[in-house]
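Peer 1: Please read through the structure below; I'll follow up with questions.
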Amino acid sequence: MTGTVVNMLLVVIGSAVGLLFRGRIKQSLMDGLISVLGLAVLVIGILGAVKTEDLLCLIISLVLGTLTGECLGIEKRLDRAGNALQGIFNRFAGKGESRFTDGFVSATILFCVGSMAIMGSLEAGVNGNYTILISKGILDGVMSVAFAAAMGVGVAFSAISVGIYQGSLTLLAVWAAPYLSQEAVTEISAAGSVVIIAIAFNILEMGRKKLRVGNMLPAVFFPLAYLPLTDWLANIFL
């Protein structure tokens, strides 16, 4: 839970800075910080991806996982979930609370409905590695400065949503970790690291169009099927 707690604290600190310097933060400064953090995320993804011990497993998992995600439309479902959440909050918010709600909902969607939150929580639970979550926390902290400066104190309360969402995912991963082989953990981490690289590409706007990272998420589960299947085939034919 360390990574999630750090993430929450950074959101609160970033929001406090945004409220303190409201209207005095240059957009060029925010853009520069986010670009540098995007490069850091890229390095984290590359370092994790090269740890694979079965390149064929990595490739097949990414291909089949992305095909599955495209067929299921995971990216679109995440977008719809975010829009639905915002609609629900806006519907029930009083007129006096609308600005607070806008900040809370917008920040919650930005910080929770994303691939980095999922991958970071899984990595923390399975490997006890908080690097992704802390890196995400720094990104969230920088973005919360801008959000709080524009939308007020509601942004700080999105830290509660981050804690509940990422904490639940991490605890689920901790429960599942004892049932996974070390080989499976390595390949799951490698596949997830490639997804992190895709996130970095989007942050840095390196492609002609935004990568549908949400549709790549199923790739992290395919090593669980690939590795037992290849072992079974090896026992039959060798």
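In the structure tokens, the first chain shown is A, the next is B, and so on; residue numbers restart at 1 for each chain, and ligands run from 1 in the order shown.
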Which polymer residues have any atom within 12 Å of an atom of Phe111 of chain A, counting only C-alpha atoms, with same-chain residues fewer than 2 positions away left out, as JSON, numbers by chain?

Peer 2: {"A": [4, 7, 8, 10, 11, 82, 103, 104, 105, 106, 107, 108, 109, 113, 114, 115, 116, 117, 118, 133, 136, 137, 138, 139, 140, 141, 142, 143, 144, 147, 155, 156, 157, 158, 159, 160, 161, 162, 163, 164, 165, 166]}

Peer 1: If we count only C-alpha atoms, what is near Leu67 of chain A at a cut-off of 9 Å, once residues fewer than 6 positions away on the same chain are taken out, given as a list in words?

Peer 2: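 So, after excluding close chain neighbours, the residues are Asn215, Met216 and Pro218 of chain A.
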
Peer 1: For the residues in the current selection, export N, CA and C atoms as a PDB file, in the first residue's frame.

Peer 2:
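As a result, part-v1.pdb now contains:
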```
ATOM      1  N   ASN A 215      -6.894  -0.899 -24.343  1.00  0.00           N
ATOM      2  CA  ASN A 215      -7.114  -2.144 -25.082  1.00  0.00           C
ATOM      3  C   ASN A 215      -5.929  -3.100 -25.005  1.00  0.00           C
ATOM      4  N   MET A 216      -4.796  -2.628 -24.500  1.00  0.00           N
ATOM      5  CA  MET A 216      -3.614  -3.487 -24.353  1.00  0.00           C
ATOM      6  C   MET A 216      -3.581  -4.210 -23.008  1.00  0.00           C
ATOM      7  N   PRO A 218      -5.356  -6.498 -21.415  1.00  0.00           N
ATOM      8  CA  PRO A 218      -5.465  -7.955 -21.276  1.00  0.00           C
ATOM      9  C   PRO A 218      -4.157  -8.700 -21.522  1.00  0.00           C
TER      10      PRO A 218
END
```

Peer 1: Can you pull out the residues contacting Val36 of chain A? Cut-off 12 Å, using only C-alpha atoms, and skip same-chain residues under 6 positions away; I want them as an MDAnalysis selection string.

Peer 2: chainID A and resid 29:30 42:43 135 138:139 142 200 203:204

Peer 1: Could those selected residues go to a file with C-alpha atoms, as a compact mmCIF listing (two decimals), in the first residue's frame?

Peer 2:
```txt
# COMPACT_ATOMS: atom_id res chain seq x y z
CA LEU A 29 5.99 25.29 -16.86
CA MET A 30 3.35 22.57 -16.45
CA LEU A 42 9.33 5.70 -20.75
CA VAL A 43 12.57 4.67 -19.05
CA SER A 135 5.98 7.72 -10.74
CA ILE A 138 4.46 12.44 -9.24
CA LEU A 139 2.55 12.86 -12.50
CA VAL A 142 1.97 17.88 -11.09
CA ALA A 200 4.71 7.28 -22.07
CA ILE A 203 2.14 11.53 -22.48
CA LEU A 204 4.89 12.71 -24.83
```

Peer 1: From segment 25-233 of chain A, collect each residue whose DSSP state is alpha helix (DSSP H) and return the set as number ranges by chain.

Peer 2: A: 27-49, 55-72, 74-92, 98-112, 115-127, 131-151, 158-176, 182-204, 223-233

Peer 1: Counting only C-alpha atoms, which of A:Ile74, A:Met206, A:Leu172, A:Leu58 gets nearest to Phe221 of chain A?

Peer 2: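 Result for the nearest residue to Phe221 of chain A: A:Leu58.
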
Peer 1: Just to confirm, what's the straight-line distance from atom CA of Glu75 of chain A to atom CA of Val213 of chain A in Å (one decimal)?

Peer 2: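 Result for atom CA of Glu75 of chain A versus atom CA of Val213 of chain A: 7.1 Å, one decimal.
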
Peer 1: A:Ala150, A:Ala84, A:Leu78, A:Leu169: which is nearest Ser121 of chain A, counting only C-alpha atoms?

Peer 2: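 Answer, going by the shortest atom-to-atom distance: A:Leu169.
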
Peer 1: Report as a list in words all protein, DNA and RNA residues lying within 8 Å of Phe201 of chain A, evaluated on only C-alpha atoms, omitting residues in the same chain fewer than 6 positions from it.

Peer 2: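 Result of the neighbour search: Gly38, Leu42, Gly207 and Leu211 of chain A.
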
Peer 1: My list of candidates is A:Leu64, A:Leu47, A:Leu229, A:Cys57. Which is closest to Ser193 of chain A when distances are computed with only C-alpha atoms?

Peer 2: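 Result for the nearest residue to Ser193 of chain A: A:Leu47.
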
Peer 1: Would you mind telling me which residue in A:Thr170, A:Asn202, A:Asn83, A:Ser28 lies nearest to Met119 of chain A when using only C-alpha atoms?

Peer 2: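 For Met119 of chain A, the nearest of the candidates is A:Thr170.
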